[in-house]
Each structure stands twice: as C-alpha cells, then as structure tokens.
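Heads up, input.pdb below (PDB, C-alpha atoms):
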ATOM      1  CA  MET G   1      16.324 -14.090 -12.075
ATOM      2  CA  GLY G   2      16.186 -10.370 -12.696
ATOM      3  CA  GLY G   3      13.400 -10.370 -15.274
ATOM      4  CA  PRO G   4      11.561  -7.299 -16.613
ATOM      5  CA  GLU G   5       9.267  -7.046 -13.564
ATOM      6  CA  ALA G   6      12.249  -6.994 -11.181
ATOM      7  CA  LEU G   7      14.103  -4.347 -13.172
ATOM      8  CA  LYS G   8      10.984  -2.198 -13.497
ATOM      9  CA  HIS G   9      10.595  -2.317  -9.709
ATOM     10  CA  LEU G  10      14.253  -1.560  -8.957
ATOM     11  CA  ARG G  11      14.372   1.354 -11.403
ATOM     12  CA  ARG G  12      12.159   3.265  -8.970
ATOM     13  CA  ASP G  13      15.374   3.854  -7.039
ATOM     14  CA  PRO G  14      17.355   6.492  -8.986
ATOM     15  CA  VAL G  15      20.710   4.996  -8.004
ATOM     16  CA  LEU G  16      19.725   1.521  -9.140
ATOM     17  CA  LYS G  17      18.121   2.962 -12.265
ATOM     18  CA  SER G  18      21.478   4.437 -13.267
ATOM     19  CA  LEU G  19      23.265   1.191 -12.406
ATOM     20  CA  ILE G  20      20.867  -0.912 -14.460
ATOM     21  CA  ARG G  21      21.329   1.421 -17.424
ATOM     22  CA  GLN G  22      25.124   1.127 -17.225
ATOM     23  CA  VAL G  23      25.434  -2.577 -16.428
ATOM     24  CA  GLY G  24      22.646  -3.887 -18.642
ATOM     25  CA  PRO G  25      20.487  -6.995 -18.123
ATOM     26  CA  CYS G  26      20.925  -9.090 -15.001
ATOM     27  CA  THR G  27      22.771 -12.325 -15.829
ATOM     28  CA  LEU G  28      22.442 -13.860 -12.365
ATOM     29  CA  ARG G  29      21.697 -17.587 -12.752
ATOM     30  CA  PRO G  30      21.773 -19.925  -9.746
ATOM     31  CA  VAL G  31      23.819 -23.129  -9.971
ATOM     32  CA  ARG G  32      21.606 -26.074  -9.084
ATOM     33  CA  ARG G  33      23.375 -27.929  -6.287
ATOM     34  CA  GLU G  34      22.428 -29.667  -3.092
ATOM     35  CA  PRO G  35      22.848 -27.344  -0.075
ATOM     36  CA  TYR G  36      25.393 -29.794   1.386
ATOM     37  CA  GLU G  37      27.662 -29.414  -1.657
ATOM     38  CA  ALA G  38      27.183 -25.645  -1.787
ATOM     39  CA  LEU G  39      28.196 -25.287   1.875
ATOM     40  CA  VAL G  40      31.304 -27.459   1.464
ATOM     41  CA  ARG G  41      32.347 -25.431  -1.577
ATOM     42  CA  ALA G  42      31.751 -22.187   0.334
ATOM     43  CA  ILE G  43      34.028 -23.342   3.164
ATOM     44  CA  ALA G  44      36.759 -24.312   0.691
ATOM     45  CA  HIS G  45      36.580 -20.835  -0.860
ATOM     46  CA  GLN G  46      36.757 -18.907   2.425
ATOM     47  CA  GLN G  47      39.805 -16.599   2.535
ATOM     48  CA  VAL G  48      41.379 -18.290  -0.495
ATOM     49  CA  HIS G  49      41.731 -17.000  -4.052
ATOM     50  CA  GLY G  50      39.188 -18.543  -6.418
ATOM     51  CA  ARG G  51      41.632 -20.556  -8.527
ATOM     52  CA  ALA G  52      43.466 -21.880  -5.497
ATOM     53  CA  ALA G  53      40.163 -22.906  -3.891
ATOM     54  CA  GLU G  54      39.098 -24.751  -7.052
ATOM     55  CA  ALA G  55      42.430 -26.590  -7.144
ATOM     56  CA  ILE G  56      41.972 -27.652  -3.511
ATOM     57  CA  LEU G  57      38.401 -28.749  -4.235
ATOM     58  CA  GLY G  58      39.620 -30.721  -7.247
ATOM     59  CA  ARG G  59      42.060 -32.676  -5.093
ATOM     60  CA  PHE G  60      39.388 -33.215  -2.448
ATOM     61  CA  ILE G  61      36.866 -34.532  -4.986
ATOM     62  CA  ALA G  62      39.554 -36.819  -6.452
ATOM     63  CA  LEU G  63      39.659 -38.670  -3.108
ATOM     64  CA  TYR G  64      36.232 -40.104  -3.989
ATOM     65  CA  PRO G  65      36.401 -41.704  -7.463
ATOM     66  CA  GLY G  66      33.057 -42.573  -8.965
ATOM     67  CA  HIS G  67      31.294 -39.604  -7.366
ATOM     68  CA  ASP G  68      30.615 -36.171  -8.834
ATOM     69  CA  PHE G  69      31.012 -34.767  -5.332
ATOM     70  CA  PRO G  70      32.156 -36.407  -2.072
ATOM     71  CA  PRO G  71      29.141 -38.039  -0.334
ATOM     72  CA  ALA G  72      28.692 -36.925   3.263
ATOM     73  CA  PRO G  73      28.978 -40.468   4.783
ATOM     74  CA  ALA G  74      32.248 -41.049   2.900
ATOM     75  CA  VAL G  75      33.658 -37.731   4.098
ATOM     76  CA  LEU G  76      33.039 -38.758   7.699
ATOM     77  CA  GLU G  77      35.108 -41.910   7.100
ATOM     78  CA  THR G  78      38.005 -39.979   5.567
ATOM     79  CA  PRO G  79      41.019 -39.378   7.848
ATOM     80  CA  ALA G  80      41.599 -35.711   8.566
ATOM     81  CA  GLU G  81      45.197 -36.118   7.336
ATOM     82  CA  ALA G  82      43.960 -37.080   3.857
ATOM     83  CA  MET G  83      41.773 -33.985   3.734
ATOM     84  CA  ARG G  84      44.635 -31.806   4.947
ATOM     85  CA  GLY G  85      46.726 -33.271   2.152
ATOM     86  CA  CYS G  86      44.362 -31.661  -0.360
ATOM     87  CA  GLY G  87      45.326 -28.245   0.947
ATOM     88  CA  LEU G  88      42.459 -27.753   3.397
ATOM     89  CA  SER G  89      43.369 -26.099   6.683
ATOM     90  CA  GLY G  90      42.598 -27.785   9.984
ATOM     91  CA  SER G  91      39.682 -25.434  10.645
ATOM     92  CA  LYS G  92      38.234 -26.091   7.192
ATOM     93  CA  VAL G  93      38.552 -29.842   7.647
ATOM     94  CA  ALA G  94      36.645 -29.525  10.928
ATOM     95  CA  ALA G  95      33.971 -27.369   9.286
ATOM     96  CA  ILE G  96      33.535 -29.707   6.290
ATOM     97  CA  ARG G  97      33.282 -32.723   8.581
ATOM     98  CA  ASP G  98      30.637 -30.894  10.618
ATOM     99  CA  ILE G  99      28.681 -30.073   7.438
ATOM    100  CA  ALA G 100      28.866 -33.767   6.456
ATOM    101  CA  GLU G 101      27.753 -34.849   9.923
ATOM    102  CA  LYS G 102      24.830 -32.395   9.884
ATOM    103  CA  ALA G 103      23.875 -33.539   6.372
ATOM    104  CA  VAL G 104      23.799 -37.182   7.456
ATOM    105  CA  GLY G 105      21.826 -36.189  10.557
ATOM    106  CA  GLY G 106      19.290 -34.194   8.532
ATOM    107  CA  LEU G 107      20.079 -30.687   9.768
ATOM    108  CA  VAL G 108      21.305 -29.723   6.283
ATOM    109  CA  PRO G 109      18.165 -30.094   4.157
ATOM    110  CA  THR G 110      18.012 -31.495   0.659
ATOM    111  CA  ARG G 111      17.439 -28.990  -2.122
ATOM    112  CA  LYS G 112      13.825 -30.145  -2.324
ATOM    113  CA  ALA G 113      13.279 -29.658   1.414
ATOM    114  CA  ALA G 114      15.111 -26.312   1.391
ATOM    115  CA  ALA G 115      12.763 -25.070  -1.333
ATOM    116  CA  ARG G 116       9.911 -25.278   1.152
ATOM    117  CA  MET G 117      11.731 -23.303   3.865
ATOM    118  CA  ALA G 118      11.684 -19.546   4.386
ATOM    119  CA  ASP G 119      14.966 -17.644   4.078
ATOM    120  CA  GLU G 120      15.266 -16.785   7.777
ATOM    121  CA  ALA G 121      14.381 -20.339   8.807
ATOM    122  CA  LEU G 122      17.214 -21.682   6.658
ATOM    123  CA  ILE G 123      19.645 -19.110   8.027
ATOM    124  CA  GLU G 124      18.702 -19.894  11.622
ATOM    125  CA  ARG G 125      19.108 -23.607  10.958
ATOM    126  CA  LEU G 126      22.380 -23.609   9.044
ATOM    127  CA  VAL G 127      24.352 -21.146  11.180
ATOM    128  CA  GLN G 128      24.435 -23.902  13.797
ATOM    129  CA  ILE G 129      27.120 -25.559  11.653
ATOM    130  CA  ARG G 130      30.771 -24.926  12.409
ATOM    131  CA  GLY G 131      32.273 -22.306  10.096
ATOM    132  CA  VAL G 132      28.916 -21.322   8.590
ATOM    133  CA  GLY G 133      27.713 -17.779   9.265
ATOM    134  CA  ARG G 134      24.796 -15.744   8.048
ATOM    135  CA  TRP G 135      26.715 -14.482   4.992
ATOM    136  CA  THR G 136      27.511 -18.053   3.877
ATOM    137  CA  VAL G 137      23.834 -19.012   4.038
ATOM    138  CA  GLU G 138      22.826 -15.835   2.205
ATOM    139  CA  MET G 139      25.184 -16.809  -0.653
ATOM    140  CA  LEU G 140      23.553 -20.254  -0.677
ATOM    141  CA  LEU G 141      20.106 -18.652  -0.844
ATOM    142  CA  ILE G 142      21.047 -16.450  -3.797
ATOM    143  CA  PHE G 143      23.460 -18.543  -5.848
ATOM    144  CA  THR G 144      22.198 -22.074  -5.167
ATOM    145  CA  LEU G 145      18.510 -21.760  -4.339
ATOM    146  CA  GLY G 146      17.800 -18.740  -6.537
ATOM    147  CA  ARG G 147      16.027 -16.690  -3.868
ATOM    148  CA  GLU G 148      15.293 -13.226  -5.252
ATOM    149  CA  ASP G 149      14.839 -11.244  -2.039
ATOM    150  CA  VAL G 150      18.101 -11.530  -0.074
ATOM    151  CA  LEU G 151      20.189  -8.439   0.682
ATOM    152  CA  PRO G 152      23.530  -9.490   2.241
ATOM    153  CA  VAL G 153      24.233  -6.245   4.062
ATOM    154  CA  ASP G 154      27.354  -7.638   5.759
ATOM    155  CA  ASP G 155      28.962  -8.195   2.359
ATOM    156  CA  PHE G 156      31.814  -5.763   1.660
ATOM    157  CA  GLY G 157      31.140  -5.745  -2.092
ATOM    158  CA  VAL G 158      27.464  -4.865  -1.699
ATOM    159  CA  ARG G 159      28.221  -1.962   0.636
ATOM    160  CA  GLU G 160      31.132  -0.850  -1.550
ATOM    161  CA  GLY G 161      28.909  -0.929  -4.636
ATOM    162  CA  TRP G 162      26.461   1.448  -2.982
ATOM    163  CA  ARG G 163      29.303   3.731  -1.894
ATOM    164  CA  VAL G 164      30.682   3.831  -5.441
ATOM    165  CA  ALA G 165      27.277   4.340  -7.046
ATOM    166  CA  THR G 166      26.448   7.259  -4.741
ATOM    167  CA  ARG G 167      29.973   8.739  -4.695
ATOM    168  CA  ALA G 168      29.951   8.570  -0.910
ATOM    169  CA  ASP G 169      33.117   8.927   1.150
ATOM    170  CA  ALA G 170      32.343   5.913   3.327
ATOM    171  CA  GLN G 171      30.274   2.748   3.197
ATOM    172  CA  LEU G 172      26.911   2.593   4.911
ATOM    173  CA  LYS G 173      26.684   0.470   8.039
ATOM    174  CA  PRO G 174      24.842  -2.854   7.495
ATOM    175  CA  LYS G 175      21.739  -1.648   9.372
ATOM    176  CA  GLU G 176      21.635   1.541   7.327
ATOM    177  CA  LEU G 177      21.822  -0.375   4.050
ATOM    178  CA  ALA G 178      19.179  -2.837   5.256
ATOM    179  CA  ALA G 179      16.771   0.033   5.971
ATOM    180  CA  LEU G 180      17.582   1.786   2.707
ATOM    181  CA  GLY G 181      17.049  -1.446   0.771
ATOM    182  CA  GLU G 182      13.634  -2.288   2.179
ATOM    183  CA  PRO G 183      11.812  -0.707  -0.810
ATOM    184  CA  TRP G 184      13.798  -2.987  -3.147
ATOM    185  CA  ALA G 185      11.860  -6.009  -1.885
ATOM    186  CA  PRO G 186      10.944  -8.502  -3.253
ATOM    187  CA  TYR G 187      13.988  -8.258  -5.549
ATOM    188  CA  ARG G 188      16.819  -7.435  -3.154
ATOM    189  CA  SER G 189      19.059 -10.228  -4.493
ATOM    190  CA  ILE G 190      18.953  -8.598  -7.915
ATOM    191  CA  ALA G 191      19.775  -5.209  -6.341
ATOM    192  CA  ALA G 192      22.751  -6.853  -4.596
ATOM    193  CA  TRP G 193      23.921  -8.282  -7.926
ATOM    194  CA  TYR G 194      23.966  -4.803  -9.467
ATOM    195  CA  LEU G 195      25.842  -3.403  -6.474
ATOM    196  CA  TRP G 196      28.460  -6.152  -6.845
ATOM    197  CA  ARG G 197      28.861  -5.183 -10.493
ATOM    198  CA  ALA G 198      29.397  -1.548  -9.495
ATOM    199  CA  ALA G 199      32.083  -2.537  -6.985
ATOM    200  CA  ASP G 200      33.794  -4.820  -9.522
ATOM    201  CA  ALA G 201      33.742  -2.181 -12.237
ATOM    202  CA  ALA G 202      35.138   0.460  -9.883
ATOM    203  CA  LYS G 203      38.023  -1.884  -9.100
ATOM    204  CA  ALA G 204      38.701  -2.057 -12.839
ATOM    205  CA  SER G 205      38.218   1.748 -13.121
ATOM    206  CA  LYS G 206      35.362   1.286 -15.558
ATOM    207  CA  PHE G 207      32.443   2.540 -13.496
ATOM    208  CA  LYS G 208      31.444   6.165 -13.868
ATOM    209  CA  PRO G 209      28.915   7.162 -11.207
ATOM    210  CA  GLN G 210      26.391   9.702 -12.447
TER     211      GLN G 210
END

Please express the file's structure as structure tokens.
Amino acid sequence: MGGPEALKHLRRDPVLKSLIRQVGPCTLRPVRREPYEALVRAIAHQQVHGRAAEAILGRFIALYPGHDFPPAPAVLETPAEAMRGCGLSGSKVAAIRDIAEKAVGGLVPTRKAAARMADEALIERLVQIRGVGRWTVEMLLIFTLGREDVLPVDDFGVREGWRVATRADAQLKPKELAALGEPWAPYRSIAAWYLWRAADAAKASKFKPQ
C-alpha cells in the first residue's frame, strides 16, 4: 500500500505533500487475517492499553490448545466464566460470542468472500454485530483487507493529525474532514496513515508543521 502512484496523487494536497516529505515512505502493510479473527481482536483491544489487550488475548487463545486462534464453534461452547477469567469484561464476552455466532451463521464473511464485497456493503453488514461499529469495520478494511480508499473520519487520531498538520486550533468535524478528503480518493487510507503519523509525532513533540 502507498506506492509511488498513491503518493504522487496525495502530494497534490499541500498539507499532505509536507507530511509525506517529513514522514517518508508509507510503511502500511495489512496483516492477513480472517475477518472473524480481526473483529475478535478489535473487541479485545477496545478501551484497553495495547499490551494489556495482548495479554488478555494470549490467555483467551490459550483456552484452545492446538489452534492458532479460537475457532468460532468452540468459542460458542466456552462458558462465559472461562472467558471472563482471561480478563475480558462481560460486555466484551457478549460481543465476542456474537461475532462467533455470526461467523458460524455466515454473516461474518471469510476473507475470500470479503474481498468481493464493497467497503460500504461490508460496513452495513458487520455493524449488525454487537459491539462492532463503523470505526471497527473501517480498521478491518484498512489493516486486514488492505483497502486503500477508507477515510475513518470518526477517528480521533486522523482528525488530530489534520489539526496538527494545519496548525488549527480545533479539529474538523467528521463531515468537514470527509468533504475535504474527497480529492484524496482513491488513496484515502494512505492519507489517514500519514495523518496518524502526524498525530503520533506531535504527541512525542517531534512534528514541526510547516
């Protein structure tokens, strides 16, 4: 993702041009997973620090020896108490069980089936699952399926990156950023990646807007 054609296109925006010059090449590489696994991992990470979430996931995966990741049918047979014992909250247990149920029932598509679906169709389908909102599906589209044209305008980091890069006093509203980002198509995921880098660097006091 983020090859020469994408960067050439995004450099037409002066703000992104400056960002690309400061950040360097795009290193965004999707992790090839089944959507079911990606959604379960996303739920585990919600409102929890990354390391803590990985520790919880590690304990959860350990409940299913012989499997790289807990199979959906096995999850449905697991007592909620055992899942809670891994450090998952009650609401997360309910969400993960619903993801497993929807995977078994076919609502959660396989990676192969998802590859044939449009972004909005996948969003519309997966937000029916408990605990899964539009933002969660957008992260799946970018980081699991490698879709290049997703702009998660509800994401704090994306809006903060634009605020930092433009030296604005306040973040744009999601609708404002969506309209502003329309010319970035069909590489809006790559634009989002650069905005995340700007927000991260500002947190570390390394980013110097120009």

Task: Counting all atoms listed in the file, the residue of G:Gly3, G:Val104, G:Gln46, G:Leu39 that sits nearest Leu126 of chain G - done: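 With all atoms listed in the file as the atom set, the closest residue is G:Leu39.
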
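For Gly24 of chain G, the set of protein, DNA and RNA residues having any atom at most 12 Å away, when counting all atoms listed in the file and skipping those fewer than 3 positions along the same chain, is Gly2, Gly3, Pro4, Leu7, Leu16, Lys17, Ser18, Leu19, Ile20, Arg21, Thr27, Leu28, Trp193, Tyr194, Arg197 and Ala198 of chain G.
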
TODO: Between G:Phe69, G:Tyr36, G:Phe60, G:Phe143, single out the one closest to Ile190 of chain G, counting only C-alpha atoms.
DONE: G:Phe143

Task: Among the residues G:Ala62, G:Ile99, G:Val164, G:Val15, the one that comes closest to Gly85 of chain G [using only C-alpha atoms] - done: G:Ala62

- [ ] Would you kindly translate the PyMOL selection byres ((chain G and resi 136) around 12) into the concrete residues it picks from this file, as number ranges by chain?
- [x] G: 35, 38-46, 122-124, 126-135, 137-144, 152, 154-155

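Here the question is which of G:Tyr187, G:Trp196, G:Tyr64, G:Phe156 gets nearest to Gln171 of chain G using all atoms listed in the file, and that residue is G:Phe156.
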
Open item on the list: I need the residue nearest Val93 of chain G from this list: G:Ala121, G:Ala6, G:Ala115, G:Ile56. Use only C-alpha atoms for the distance.
Closed with: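 Counting only C-alpha atoms, the residue closest to Val93 of chain G is G:Ile56.
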
- [ ] Check what the PyMOL selection byres ((chain G and resi 70) around 12) selects in the file above and give those residues as a ChimeraX atom specification.
- [x] /G:34,36-38,40-41,57-69,71-78,83,96-97,99-100

- [ ] Can you pull out every residue within 8 Å of Arg159 of chain G, counting all atoms listed in the file, but drop anything in the same chain fewer than 2 positions away, and send it as a PyMOL selection string?
- [x] chain G and resi 153-157+161-163+171-174+177+195

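With only C-alpha atoms as the atoms that count, the residue of G:Ser189, G:Thr110, G:Thr166, G:Ser89 with the shortest distance to Pro14 of chain G is G:Thr166.
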
- [ ] Quick one: pull the distance between atom CA of Met1 of chain G and atom CA of Ala165 of chain G, Å, one decimal.
- [x]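 Going from atom CA of Met1 of chain G over to atom CA of Ala165 of chain G, I get 22.0 Å.
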
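Separating atom CA of Cys86 of chain G from atom CA of Leu145 of chain G is a distance of 28.0 Å.
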
TODO: For atom CA of Pro186 of chain G and atom CA of Met117 of chain G, quote the distance in Å rounded to one decimal.
DONE: 16.4 Å
